[in-house]
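Asks: One file is attached below, upload-v3.txt, containing compact mmCIF, C-alpha atoms and all ligand atoms.
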# COMPACT_ATOMS: atom_id res chain seq x y z
CA MET I 1 149.94 115.42 78.77
CA THR I 2 151.77 115.12 75.45
CA GLU I 3 152.54 118.35 73.67
CA THR I 4 150.67 118.80 70.43
CA VAL I 5 151.71 122.30 69.39
CA ALA I 6 153.68 121.67 66.19
CA ALA I 7 157.22 123.06 66.12
CA THR I 8 156.53 124.64 62.73
CA ASP I 9 153.86 126.82 64.31
CA PHE I 10 156.27 128.56 66.65
CA PHE I 11 157.32 131.26 64.24
CA ASP I 12 153.72 132.33 63.71
CA ARG I 13 152.93 132.31 67.38
CA ASP I 14 156.05 134.27 68.24
CA ALA I 15 155.15 136.84 65.60
CA ALA I 16 151.55 137.00 66.84
CA ALA I 17 152.74 137.50 70.42
CA ARG I 18 155.03 140.34 69.38
CA GLU I 19 152.16 141.86 67.44
CA ILE I 20 149.94 141.87 70.55
CA LEU I 21 152.59 143.69 72.57
CA THR I 22 153.01 146.22 69.80
CA GLN I 23 149.26 146.74 69.42
CA ASN I 24 148.76 147.19 73.16
CA ASP I 25 151.66 149.65 73.35
CA ARG I 26 150.32 153.13 74.10
CA GLY I 27 153.71 154.84 73.90
CA GLY I 28 155.99 154.07 76.84
CA TYR I 29 153.48 151.79 78.54
CA THR I 30 151.35 148.85 77.52
CA VAL I 31 147.68 148.25 78.36
CA PRO I 32 146.80 144.71 79.51
CA THR I 33 144.23 144.50 76.71
CA ASP I 34 142.29 146.97 74.61
CA GLY I 35 138.87 147.94 76.03
CA LEU I 36 138.60 145.97 79.29
CA TYR I 37 141.82 147.37 80.81
CA PRO I 38 142.74 150.62 79.02
CA TYR I 39 145.46 151.96 81.39
CA GLN I 40 148.83 150.91 82.72
CA TRP I 41 148.45 148.10 85.25
CA ASN I 42 151.38 147.48 87.54
CA TRP I 43 152.12 143.75 87.33
CA ASP I 44 150.79 143.44 83.78
CA SER I 45 153.37 146.02 82.81
CA ALA I 46 156.17 144.09 84.48
CA PHE I 47 155.25 141.04 82.40
CA ALA I 48 155.04 143.23 79.29
CA SER I 49 158.63 144.30 79.91
CA LEU I 50 159.77 140.66 79.87
CA GLY I 51 157.97 140.15 76.58
CA PHE I 52 159.51 143.27 75.04
CA ALA I 53 162.94 142.17 76.31
CA GLU I 54 162.76 139.31 73.80
CA PHE I 55 162.91 141.72 70.86
CA ASP I 56 163.36 145.32 72.06
CA LEU I 57 165.30 145.75 75.28
CA ASP I 58 165.14 149.53 75.22
CA ARG I 59 161.34 149.38 75.11
CA ALA I 60 161.38 146.83 77.93
CA TRP I 61 163.25 149.24 80.22
CA GLN I 62 160.90 152.04 79.24
CA GLU I 63 157.90 150.02 80.45
CA ILE I 64 159.28 149.80 83.99
CA GLU I 65 160.57 153.38 83.96
CA THR I 66 157.11 154.63 83.00
CA LEU I 67 155.58 152.56 85.80
CA PHE I 68 157.80 154.29 88.34
CA THR I 69 156.77 157.75 87.14
CA GLY I 70 153.55 157.01 89.02
CA GLN I 71 155.33 156.22 92.32
CA TRP I 72 153.97 158.10 95.33
CA ASP I 73 156.19 159.97 97.82
CA SER I 74 155.51 157.17 100.31
CA GLY I 75 157.20 154.69 97.94
CA MET I 76 153.95 152.99 96.91
CA VAL I 77 153.67 152.19 93.21
CA PRO I 78 149.97 152.20 92.23
CA HIS I 79 148.21 149.27 90.67
CA ILE I 80 146.70 151.42 87.88
CA ILE I 81 148.21 154.56 86.36
CA PHE I 82 145.65 156.59 84.45
CA HIS I 83 147.93 158.19 81.87
CA LYS I 84 145.09 159.24 79.55
CA PRO I 85 141.36 159.41 80.33
CA ASP I 86 139.26 156.47 79.07
CA PRO I 87 135.52 156.36 79.81
CA GLY I 88 135.45 152.61 79.00
CA TYR I 89 136.78 151.69 82.46
CA PHE I 90 135.22 151.90 85.90
CA PRO I 91 136.36 152.92 88.53
CA GLY I 92 138.34 155.75 86.95
CA PRO I 93 140.51 158.47 88.55
CA ASP I 94 137.61 160.47 89.99
CA VAL I 95 136.41 157.46 91.99
CA TRP I 96 139.87 156.87 93.43
CA GLY I 97 140.54 160.56 94.17
CA CYS I 98 144.29 160.09 94.62
CA ASN I 99 147.05 162.73 94.63
CA GLY I 100 150.09 160.93 93.26
CA PRO I 101 152.35 162.51 90.63
CA ILE I 102 150.07 161.04 87.92
CA ALA I 103 146.38 160.18 88.35
CA SER I 104 146.32 156.66 89.76
CA SER I 105 144.59 154.15 91.97
CA GLY I 106 145.50 154.19 95.68
CA ILE I 107 146.51 150.55 96.14
CA THR I 108 149.47 148.60 94.83
CA GLN I 109 149.98 145.20 93.17
CA PRO I 110 152.45 142.30 93.49
CA PRO I 111 155.94 143.76 92.90
CA VAL I 112 157.13 141.46 90.11
CA ALA I 113 158.73 144.54 88.52
CA LEU I 114 161.50 144.34 91.17
CA SER I 115 162.59 140.94 89.91
CA PHE I 116 161.99 141.60 86.26
CA ALA I 117 164.15 144.74 86.27
CA THR I 118 167.05 142.51 87.32
CA ARG I 119 166.32 140.27 84.32
CA LEU I 120 166.52 143.22 81.96
CA LEU I 121 169.87 144.06 83.50
CA ALA I 122 171.07 140.49 83.06
CA ALA I 123 170.00 140.52 79.40
CA ASP I 124 172.59 143.24 78.67
CA PRO I 125 174.45 144.44 81.77
CA GLU I 126 176.35 147.17 79.95
CA ALA I 127 173.28 148.69 78.29
CA GLY I 128 171.20 148.36 81.47
CA LYS I 129 173.70 149.48 84.13
CA ALA I 130 172.75 153.16 84.34
CA ARG I 131 169.02 152.53 83.93
CA PHE I 132 169.05 149.92 86.66
CA ALA I 133 171.03 152.19 88.99
CA ALA I 134 168.51 155.01 88.42
CA LEU I 135 165.60 152.73 89.29
CA TYR I 136 167.31 151.07 92.24
CA PRO I 137 166.48 153.56 95.05
CA LYS I 138 162.89 153.76 93.81
CA MET I 139 162.57 149.98 93.85
CA ARG I 140 164.06 149.77 97.33
CA LYS I 141 161.62 152.43 98.52
CA TRP I 142 158.67 150.45 97.18
CA ALA I 143 159.89 147.29 98.96
CA GLU I 144 160.32 149.28 102.17
CA TRP I 145 156.80 150.65 101.84
CA PHE I 146 155.45 147.09 101.83
CA LEU I 147 157.41 146.22 104.96
CA LYS I 148 156.21 149.34 106.75
CA TRP I 149 152.55 149.40 105.76
CA ARG I 150 151.55 145.92 104.67
CA ARG I 151 153.15 143.59 107.24
CA ASP I 152 151.18 142.07 110.08
CA GLU I 153 152.50 141.20 113.53
CA LYS I 154 153.31 137.64 112.41
CA GLY I 155 155.54 138.99 109.66
CA ALA I 156 153.25 138.16 106.70
CA ILE I 157 152.46 140.67 103.95
CA PHE I 158 148.76 141.53 103.75
CA VAL I 159 146.51 143.28 101.24
CA ILE I 160 143.85 145.88 102.00
CA HIS I 161 141.80 145.29 98.85
CA PRO I 162 141.30 142.15 96.71
CA TRP I 163 142.56 144.10 93.68
CA GLU I 164 145.83 144.72 95.50
CA SER I 165 146.65 141.03 95.35
CA GLY I 166 145.63 140.94 91.68
CA ARG I 167 143.53 137.80 92.39
CA ASP I 168 140.33 139.82 92.48
CA ASN I 169 137.63 137.29 93.36
CA ALA I 170 139.70 134.45 94.83
CA PRO I 171 137.99 132.56 97.69
CA ASP I 172 140.86 133.81 99.84
CA TRP I 173 138.91 137.01 100.42
CA ASP I 174 135.49 135.48 101.14
CA ASP I 175 135.62 135.70 104.92
CA ALA I 176 136.87 139.31 105.00
CA MET I 177 134.43 140.33 102.26
CA SER I 178 131.54 138.87 104.25
CA LYS I 179 132.33 141.30 107.09
CA ILE I 180 131.72 144.33 104.85
CA ASP I 181 128.28 145.86 104.73
CA PRO I 182 128.31 147.96 101.54
CA GLN I 183 124.78 149.34 101.74
CA ASP I 184 125.96 152.97 101.48
CA VAL I 185 128.01 152.30 98.31
CA GLY I 186 125.56 154.21 96.08
CA TYR I 187 124.84 153.81 92.37
CA TYR I 188 127.63 152.94 89.97
CA GLU I 189 127.80 151.39 86.55
CA ARG I 190 130.16 148.53 85.86
CA ARG I 191 132.04 148.60 82.58
CA ASP I 192 133.85 145.25 82.75
CA THR I 193 130.73 143.24 81.90
CA GLN I 194 130.31 145.32 78.73
CA HIS I 195 133.62 143.85 77.53
CA VAL I 196 133.51 140.29 78.90
CA ASP I 197 130.70 137.82 79.65
CA ALA I 198 129.43 138.35 83.21
CA SER I 199 129.78 134.62 84.02
CA MET I 200 133.57 135.06 83.81
CA ARG I 201 133.71 138.15 86.01
CA PRO I 202 133.33 138.88 89.72
CA THR I 203 129.73 139.16 90.92
CA LYS I 204 127.81 142.28 92.02
CA TYR I 205 128.28 141.11 95.63
CA ASP I 206 132.06 141.42 95.04
CA TYR I 207 131.86 144.70 93.14
CA ASP I 208 129.81 146.45 95.82
CA ARG I 209 132.56 145.60 98.28
CA TYR I 210 135.42 146.53 95.92
CA ILE I 211 133.92 149.98 95.45
CA TRP I 212 133.02 150.36 99.12
CA LEU I 213 136.66 149.70 100.07
CA VAL I 214 137.84 152.35 97.59
CA GLN I 215 135.34 154.86 98.97
CA ARG I 216 136.42 154.13 102.54
CA ALA I 217 140.12 154.72 101.78
CA LYS I 218 139.37 157.81 99.71
CA ALA I 219 137.46 159.29 102.68
CA LEU I 220 140.64 158.71 104.72
CA ASP I 221 142.64 160.59 102.07
CA TRP I 222 144.61 157.41 101.34
CA ASP I 223 146.58 157.82 104.56
CA ASP I 224 148.46 154.50 104.93
CA ALA I 225 148.12 154.28 108.70
CA LYS I 226 144.44 155.21 108.77
CA VAL I 227 143.55 152.95 105.85
CA ALA I 228 145.05 149.90 107.56
CA GLU I 229 143.56 150.70 110.98
CA ASP I 230 140.21 148.98 111.63
CA ASN I 231 140.02 147.96 107.98
CA PRO I 232 137.53 145.08 107.68
CA PHE I 233 139.65 143.85 104.78
CA LYS I 234 143.17 142.85 105.85
CA VAL I 235 144.21 139.50 104.44
CA ALA I 236 147.70 137.98 104.59
CA ASP I 237 148.45 136.92 101.04
CA PRO I 238 150.96 134.40 99.64
CA THR I 239 150.95 136.20 96.26
CA MET I 240 152.26 139.39 97.76
CA HIS I 241 154.53 137.75 100.30
CA PHE I 242 156.32 135.35 97.96
CA ILE I 243 156.66 137.86 95.11
CA LEU I 244 158.10 140.49 97.44
CA MET I 245 160.51 137.90 98.85
CA ARG I 246 161.66 137.10 95.36
CA GLY I 247 161.94 140.78 94.48
CA LEU I 248 164.11 141.54 97.51
CA ARG I 249 166.37 138.57 96.85
CA ASP I 250 166.87 139.54 93.21
CA LEU I 251 167.40 143.22 94.05
CA LEU I 252 169.92 142.38 96.74
CA ALA I 253 171.96 140.11 94.45
CA ALA I 254 171.92 142.55 91.54
CA GLY I 255 172.66 145.53 93.80
CA GLU I 256 175.69 143.80 95.30
CA ALA I 257 176.95 142.82 91.85
CA GLN I 258 176.53 146.42 90.64
CA ASP I 259 178.04 147.92 93.78
CA LEU I 260 174.87 149.82 94.67
CA ASP I 261 173.69 150.79 98.15
CA THR I 262 171.64 147.80 99.31
CA GLY I 263 170.90 149.28 102.76
CA ASP I 264 169.12 146.87 105.12
CA MET I 265 167.91 144.59 102.38
CA ALA I 266 169.68 141.45 103.64
CA ALA I 267 168.00 141.79 107.04
CA GLN I 268 164.65 142.59 105.45
CA LEU I 269 164.86 139.48 103.31
CA ALA I 270 165.65 137.34 106.35
CA GLU I 271 162.60 138.79 108.10
CA LEU I 272 160.38 138.00 105.15
CA GLU I 273 161.72 134.44 104.99
CA ALA I 274 160.85 134.00 108.65
CA GLY I 275 157.44 135.65 108.10
CA ALA I 276 156.62 133.14 105.34
CA GLN I 277 156.05 130.55 108.06
CA ALA I 278 152.98 132.52 109.14
CA LEU I 279 151.38 131.55 105.80
CA TRP I 280 151.70 127.83 106.44
CA ASN I 281 148.25 126.44 107.21
CA PRO I 282 149.02 123.51 109.53
CA GLY I 283 145.51 122.04 109.31
CA MET I 284 145.59 121.80 105.52
CA GLY I 285 149.36 121.33 105.12
CA PHE I 286 149.89 124.03 102.46
CA TYR I 287 150.63 127.74 102.09
CA ASP I 288 147.44 129.73 102.44
CA SER I 289 146.02 133.18 103.14
CA TYR I 290 144.32 134.21 106.37
CA ASN I 291 142.13 137.03 107.57
CA CYS I 292 144.40 139.18 109.77
CA ASN I 293 141.41 140.46 111.73
CA ASN I 294 140.33 137.08 113.11
CA GLY I 295 143.03 134.58 112.09
CA ILE I 296 140.61 132.52 109.95
CA TRP I 297 142.37 130.53 107.23
CA SER I 298 141.00 130.52 103.69
CA ASN I 299 141.73 126.78 103.40
CA ALA I 300 142.28 127.49 99.69
CA LEU I 301 144.88 125.57 97.72
CA SER I 302 145.34 128.26 95.09
CA ASN I 303 147.94 129.01 92.42
CA ALA I 304 149.38 131.55 94.89
CA SER I 305 150.12 128.69 97.32
CA PHE I 306 152.59 127.37 94.73
CA LEU I 307 154.54 130.64 94.51
CA CYS I 308 156.59 129.39 97.50
CA TRP I 309 159.34 128.19 95.14
CA PHE I 310 159.40 131.47 93.22
CA GLY I 311 159.79 133.14 96.62
CA GLY I 312 162.90 131.02 97.18
CA LEU I 313 161.64 128.40 99.64
CA ASP I 314 162.39 124.71 99.52
CA ALA I 315 158.92 123.35 100.05
CA PRO I 316 158.92 119.58 99.44
CA GLN I 317 155.49 119.27 101.07
CA MET I 318 153.99 121.33 98.24
CA GLU I 319 155.08 118.90 95.51
CA GLN I 320 152.33 116.36 96.25
CA HIS I 321 149.76 119.16 96.17
CA LEU I 322 151.01 120.31 92.77
CA ALA I 323 150.87 116.74 91.48
CA ARG I 324 147.30 116.42 92.75
CA VAL I 325 146.00 119.60 91.11
CA LEU I 326 147.78 118.78 87.84
CA ASP I 327 146.14 115.34 87.88
CA ALA I 328 142.75 116.95 88.39
CA ALA I 329 143.17 119.81 85.88
CA PRO I 330 144.74 118.92 82.51
CA TYR I 331 145.42 122.57 81.66
CA GLY I 332 146.46 123.59 85.19
CA VAL I 333 147.70 125.21 87.33
CA PRO I 334 144.13 126.19 88.29
CA SER I 335 143.65 129.28 90.43
CA LEU I 336 141.76 127.06 92.88
CA ALA I 337 142.08 123.29 93.28
CA PRO I 338 139.26 121.62 91.28
CA PHE I 339 138.39 119.40 94.25
CA ASP I 340 137.52 122.49 96.33
CA PRO I 341 133.70 122.99 96.36
CA ARG I 342 134.23 126.71 95.64
CA PHE I 343 135.92 125.88 92.29
CA ASP I 344 134.34 127.59 89.25
CA ALA I 345 136.22 126.76 86.03
CA LYS I 346 135.50 130.03 84.20
CA ARG I 347 135.09 132.64 86.93
CA TYR I 348 138.31 134.61 86.94
CA TRP I 349 140.33 133.69 90.08
CA ARG I 350 138.05 130.93 91.35
CA GLY I 351 139.29 128.23 88.96
CA PRO I 352 140.84 129.37 85.66
CA THR I 353 144.51 128.87 84.80
CA TRP I 354 146.61 131.98 84.19
CA GLY I 355 149.77 131.95 82.05
CA MET I 356 151.65 134.45 84.20
CA MET I 357 151.00 132.59 87.45
CA ASN I 358 152.04 129.37 85.73
CA MET I 359 155.28 131.03 84.67
CA MET I 360 156.19 132.01 88.23
CA ILE I 361 155.15 128.60 89.55
CA GLY I 362 156.90 126.64 86.80
CA GLU I 363 160.11 128.66 86.85
CA GLY I 364 160.26 128.72 90.63
CA ALA I 365 159.67 124.96 90.85
CA SER I 366 162.34 124.19 88.23
CA GLU I 367 164.85 126.44 89.99
CA ARG I 368 164.30 124.50 93.23
CA GLY I 369 164.69 121.15 91.44
CA VAL I 370 160.99 120.24 91.36
CA ALA I 371 160.50 118.19 88.19
CA LEU I 372 156.86 119.25 87.78
CA GLY I 373 158.03 122.79 86.97
CA GLU I 374 158.77 121.69 83.41
CA GLU I 375 155.37 119.99 83.19
CA VAL I 376 153.75 123.31 84.12
CA ARG I 377 155.66 125.01 81.31
CA LYS I 378 154.62 122.35 78.78
CA ARG I 379 150.98 122.61 79.73
CA THR I 380 151.07 126.39 79.54
CA ARG I 381 152.66 126.16 76.11
CA GLU I 382 149.99 123.71 75.04
CA VAL I 383 147.05 125.77 76.24
CA ILE I 384 148.33 129.09 74.85
CA GLY I 385 149.45 127.40 71.64
CA ARG I 386 146.04 125.86 71.09
CA TYR I 387 143.66 128.49 72.39
CA GLY I 388 145.52 131.77 71.90
CA PHE I 389 146.73 134.77 73.86
CA VAL I 390 143.63 135.27 75.97
CA GLU I 391 143.44 136.49 79.57
CA TYR I 392 143.00 133.03 81.16
CA PHE I 393 141.76 129.51 80.39
CA ASP I 394 139.36 126.92 81.70
CA PRO I 395 141.79 124.49 83.39
CA MET I 396 139.60 121.45 82.63
CA THR I 397 138.98 122.00 78.89
CA GLY I 398 141.57 124.64 77.96
CA ALA I 399 138.79 126.87 76.57
CA ALA I 400 139.71 130.52 76.14
CA ALA I 401 138.20 132.90 78.71
CA GLY I 402 138.21 136.57 79.75
CA GLY I 403 139.74 139.34 77.63
CA LYS I 404 141.30 138.74 74.20
CA ALA I 405 144.76 139.70 72.83
CA PHE I 406 146.21 139.89 76.31
CA THR I 407 149.61 141.45 76.88
CA TRP I 408 150.85 139.20 79.67
CA THR I 409 149.83 135.98 77.97
CA ALA I 410 151.76 137.06 74.86
CA ALA I 411 154.73 138.07 77.03
CA VAL I 412 154.70 134.76 78.90
CA TRP I 413 154.72 132.95 75.57
CA LEU I 414 157.76 134.88 74.36
CA ALA I 415 159.73 134.84 77.59
CA TRP I 416 158.99 131.32 78.82
CA ALA I 417 156.17 129.07 77.65
CA GLY I 418 156.89 129.19 73.91
CA LYS I 419 160.62 128.57 74.26
CA GLU I 420 162.01 125.18 73.28
CA GLY I 421 162.32 122.96 76.37
C1 LIG I 501 139.41 145.25 87.46
O1 LIG I 501 138.95 146.38 87.29
O2 LIG I 501 138.79 144.22 87.17
C2 LIG I 501 140.79 145.09 87.88
O3 LIG I 501 141.14 143.77 88.07
C3 LIG I 501 141.21 145.96 88.98
O4 LIG I 501 142.59 145.85 89.03
Translate this file's structure into structure tokens.
Replies:
Amino acid sequence: MTETVAATDFFDRDAAAREILTQNDRGGYTVPTDGLYPYQWNWDSAFASLGFAEFDLDRAWQEIETLFTGQWDSGMVPHIIFHKPDPGYFPGPDVWGCNGPIASSGITQPPVALSFATRLLAADPEAGKARFAALYPKMRKWAEWFLKWRRDEKGAIFVIHPWESGRDNAPDWDDAMSKIDPQDVGYYERRDTQHVDASMRPTKYDYDRYIWLVQRAKALDWDDAKVAEDNPFKVADPTMHFILMRGLRDLLAAGEAQDLDTGDMAAQLAELEAGAQALWNPGMGFYDSYNCNNGIWSNALSNASFLCWFGGLDAPQMEQHLARVLDAAPYGVPSLAPFDPRFDAKRYWRGPTWGMMNMMIGEGASERGVALGEEVRKRTREVIGRYGFVEYFDPMTGAAAGGKAFTWTAAVWLAWAGKEG
């Protein structure tokens, strides 16, 4: 695809992206978007920090520091932190019933903040030294929590709720979700479909199971061991595995350079690298998720499959797959390969292209010498440049979808996609 975003437009787009971050700033933390997501979300916030780092490094650090104020004693950093009540979102703090230092959800999200904190440090090592050192033990504790509570016997990192992965309604969860019988879930009222067209959101079938899983864990008082035991939803996830691998690698390198206590991190990283092999689906020949309870593969070539490079793997076999999905989807990388019968171009994680996933895929690929990484960046620049800072895009037409004025799309523009190649 040839780029058509005119160079003269960059200033306006950069200014508009900064404006979105500023508008979504709630004082020390940034909401993903006004209305649909009115709290601090874990990985959205990490991307926000990268965006802020382009024009206000102090504010960028603050974003991650605020995120860690919600960290539980166990080391877990919640996926939502409910700093201020907002009736526009369901499920709120009462549904989760958690006892962290700040009202929060009880599950986590992909730990991109581990890597991105090291980027803030690199942007100005002198200014960031003390702030990084203060965060370091907390970040290590979060990584250790994953290894203790979210690792299966094959060494792969699993999730106990689709929202934990961040890819809410990906086909990766279909088998595990089908094993849940949510008939006792009770009445609840969704709020997401009051903000965004229902055809772009997860279905009621999904929502019943999302809420059922929250209710189950709440009844177990969010005890990590009990929640994982006999959980019908335990799925080994490339998103979590590769992002944690990347986080550990970046933390280890920065910790050594800063003379900080890196503990067992080198050994932990080696274990995760070995565990990545468990995610290789030999029948399909790509990285994939599987249901830990029965070993069934998702057989889903998703955008998470392509995070292998971001995780630090040399994965030459994945290059042909990336070429194939980019051929099929002009505005890729789609969240599911368009030639998969489960593909749905506008439904959230069953087809659309997401700027932040593209950033991790494109950057990771370029770092490992995969030429298509730059193509991913160009296409992301094209689609954001043409259709705006929305939540995600139809990968076939580029059409805007999901929430508007989205923090991470603006941040990805500033930190990566909108930069001159
Ligand atoms: C939602 O409410 O849709 C979120 O994705 C949960 O993280």
Asks: What's the 8 Å shell around I:Ala400, counting only C-alpha atoms, without same-chain residues fewer than 2 positions away, as a compact mmCIF listing (two decimals) with C-alpha atoms, in the coordinates of the input?
Replies:
# COMPACT_ATOMS: atom_id res chain seq x y z
CA TYR I 387 143.66 128.49 72.39
CA GLY I 388 145.52 131.77 71.90
CA VAL I 390 143.63 135.27 75.97
CA GLU I 391 143.44 136.49 79.57
CA TYR I 392 143.00 133.03 81.16
CA PHE I 393 141.76 129.51 80.39
CA ASP I 394 139.36 126.92 81.70
CA GLY I 398 141.57 124.64 77.96
CA GLY I 402 138.21 136.57 79.75
Asks: Measuring atom to atom with all atoms listed in the file, identify which of I:Glu189, I:Glu420, I:Asp12, I:Asp314 is nearest to I:Ser366.
Replies: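 With all atoms listed in the file as the atom set, the closest residue is I:Asp314.
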Asks: Compute the set of protein, DNA and RNA residues whose minimum atom distance to ligand LIG 501 (chain I) is at most 10 Å, using only C-alpha atoms and all ligand atoms, and state it as a PyMOL selection string.
Replies: chain I and resi 36-37+41-43+79-80+89-92+105+107-109+161-169+190-193+201-202+207+210+348
Asks: Can you pull out every residue within 8 Å of I:Ala48, counting all atoms listed in the file, but drop anything in the same chain fewer than 2 positions away, and send it as a PDB file with C-alpha atoms, in the coordinates of the input?
Replies:
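Final file, part.pdb:
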ATOM      1  CA  LEU I  21     152.590 143.690  72.570  1.00  0.00           C
ATOM      2  CA  THR I  30     151.350 148.850  77.520  1.00  0.00           C
ATOM      3  CA  ASP I  44     150.790 143.440  83.780  1.00  0.00           C
ATOM      4  CA  SER I  45     153.370 146.020  82.810  1.00  0.00           C
ATOM      5  CA  ALA I  46     156.170 144.090  84.480  1.00  0.00           C
ATOM      6  CA  LEU I  50     159.770 140.660  79.870  1.00  0.00           C
ATOM      7  CA  GLY I  51     157.970 140.150  76.580  1.00  0.00           C
ATOM      8  CA  PHE I  52     159.510 143.270  75.040  1.00  0.00           C
ATOM      9  CA  ALA I  60     161.380 146.830  77.930  1.00  0.00           C
ATOM     10  CA  GLU I  63     157.900 150.020  80.450  1.00  0.00           C
ATOM     11  CA  THR I 407     149.610 141.450  76.880  1.00  0.00           C
ATOM     12  CA  TRP I 408     150.850 139.200  79.670  1.00  0.00           C
ATOM     13  CA  ALA I 411     154.730 138.070  77.030  1.00  0.00           C
TER      14      ALA I 411
END
Asks: Would you mind reading off the distance between atom CA of I:Phe55 and atom CA of I:Val112, one decimal, in Å?
Replies: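 It comes out at 20.1 Å.
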Asks: Distance atom CA of I:Trp416-atom CA of I:Ala304, one decimal place?
Replies: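 Distance between the two atoms: 18.7 Å.
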Asks: Counting only C-alpha atoms, which residues of stretch 308-365 of chain I sit at most 9 Å from some atom of stretch 283-290 of chain I, and what is each one's closest atom pair with its distance in Å to one decimal, listed by chain and rising residue number, as a Markdown table?
Replies:
| residue | atom | partner | partner_atom | distance |
| --- | --- | --- | --- | --- |
| I:Cys308 | CA | I:Tyr287 | CA | 7.7 |
| I:Gln317 | CA | I:Phe286 | CA | 7.5 |
| I:Met318 | CA | I:Phe286 | CA | 6.5 |
| I:His321 | CA | I:Phe286 | CA | 8.0 |
Asks: Just the residues within 12 Å of I:Gln62, please, counting all atoms listed in the file, with nothing from its chain fewer than 6 positions along; format it as an mmCIF file with C-alpha atoms, in the coordinates of the input.
Replies:
data_model
loop_
_atom_site.group_PDB
_atom_site.id
_atom_site.type_symbol
_atom_site.label_atom_id
_atom_site.label_comp_id
_atom_site.auth_asym_id
_atom_site.auth_seq_id
_atom_site.Cartn_x
_atom_site.Cartn_y
_atom_site.Cartn_z
ATOM 1 C CA ASP I 25 151.660 149.650 73.350
ATOM 2 C CA ARG I 26 150.320 153.130 74.100
ATOM 3 C CA GLY I 27 153.710 154.840 73.900
ATOM 4 C CA GLY I 28 155.990 154.070 76.840
ATOM 5 C CA TYR I 29 153.480 151.790 78.540
ATOM 6 C CA THR I 30 151.350 148.850 77.520
ATOM 7 C CA SER I 45 153.370 146.020 82.810
ATOM 8 C CA ALA I 46 156.170 144.090 84.480
ATOM 9 C CA ALA I 48 155.040 143.230 79.290
ATOM 10 C CA SER I 49 158.630 144.300 79.910
ATOM 11 C CA LEU I 50 159.770 140.660 79.870
ATOM 12 C CA PHE I 52 159.510 143.270 75.040
ATOM 13 C CA ALA I 53 162.940 142.170 76.310
ATOM 14 C CA ASP I 56 163.360 145.320 72.060
ATOM 15 C CA PHE I 68 157.800 154.290 88.340
ATOM 16 C CA THR I 69 156.770 157.750 87.140
ATOM 17 C CA ALA I 117 164.150 144.740 86.270
ATOM 18 C CA LEU I 120 166.520 143.220 81.960
ATOM 19 C CA GLY I 128 171.200 148.360 81.470
ATOM 20 C CA ARG I 131 169.020 152.530 83.930
ATOM 21 C CA PHE I 132 169.050 149.920 86.660
ATOM 22 C CA LEU I 135 165.600 152.730 89.290
#
Asks: Of the residues I:Leu260, I:Leu307, I:Leu251, I:Ala170, which is the one nearest to I:Ala365, using only C-alpha atoms?
Replies: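 Answer, going by the shortest atom-to-atom distance: I:Leu307.
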Asks: Just to confirm, what's the straight-line distance from atom CA of I:Gly255 to atom CA of I:Ala133 in Å (one decimal)?
Replies: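 Pair atom CA of I:Gly255 / atom CA of I:Ala133 returns 8.4 Å.
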Asks: Which of these, I:Phe47, I:Trp280, I:Tyr136, I:Phe82, has the shortest distance to I:Ala103 once you count only C-alpha atoms?
Replies: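 Closest candidate: I:Phe82.
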Asks: From the list I:Arg377, I:Arg150, I:His195, I:Arg216, which residue is nearest I:Asp237 when using all atoms listed in the file?
Replies: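 Smallest distance to I:Asp237 is found for I:Arg150.
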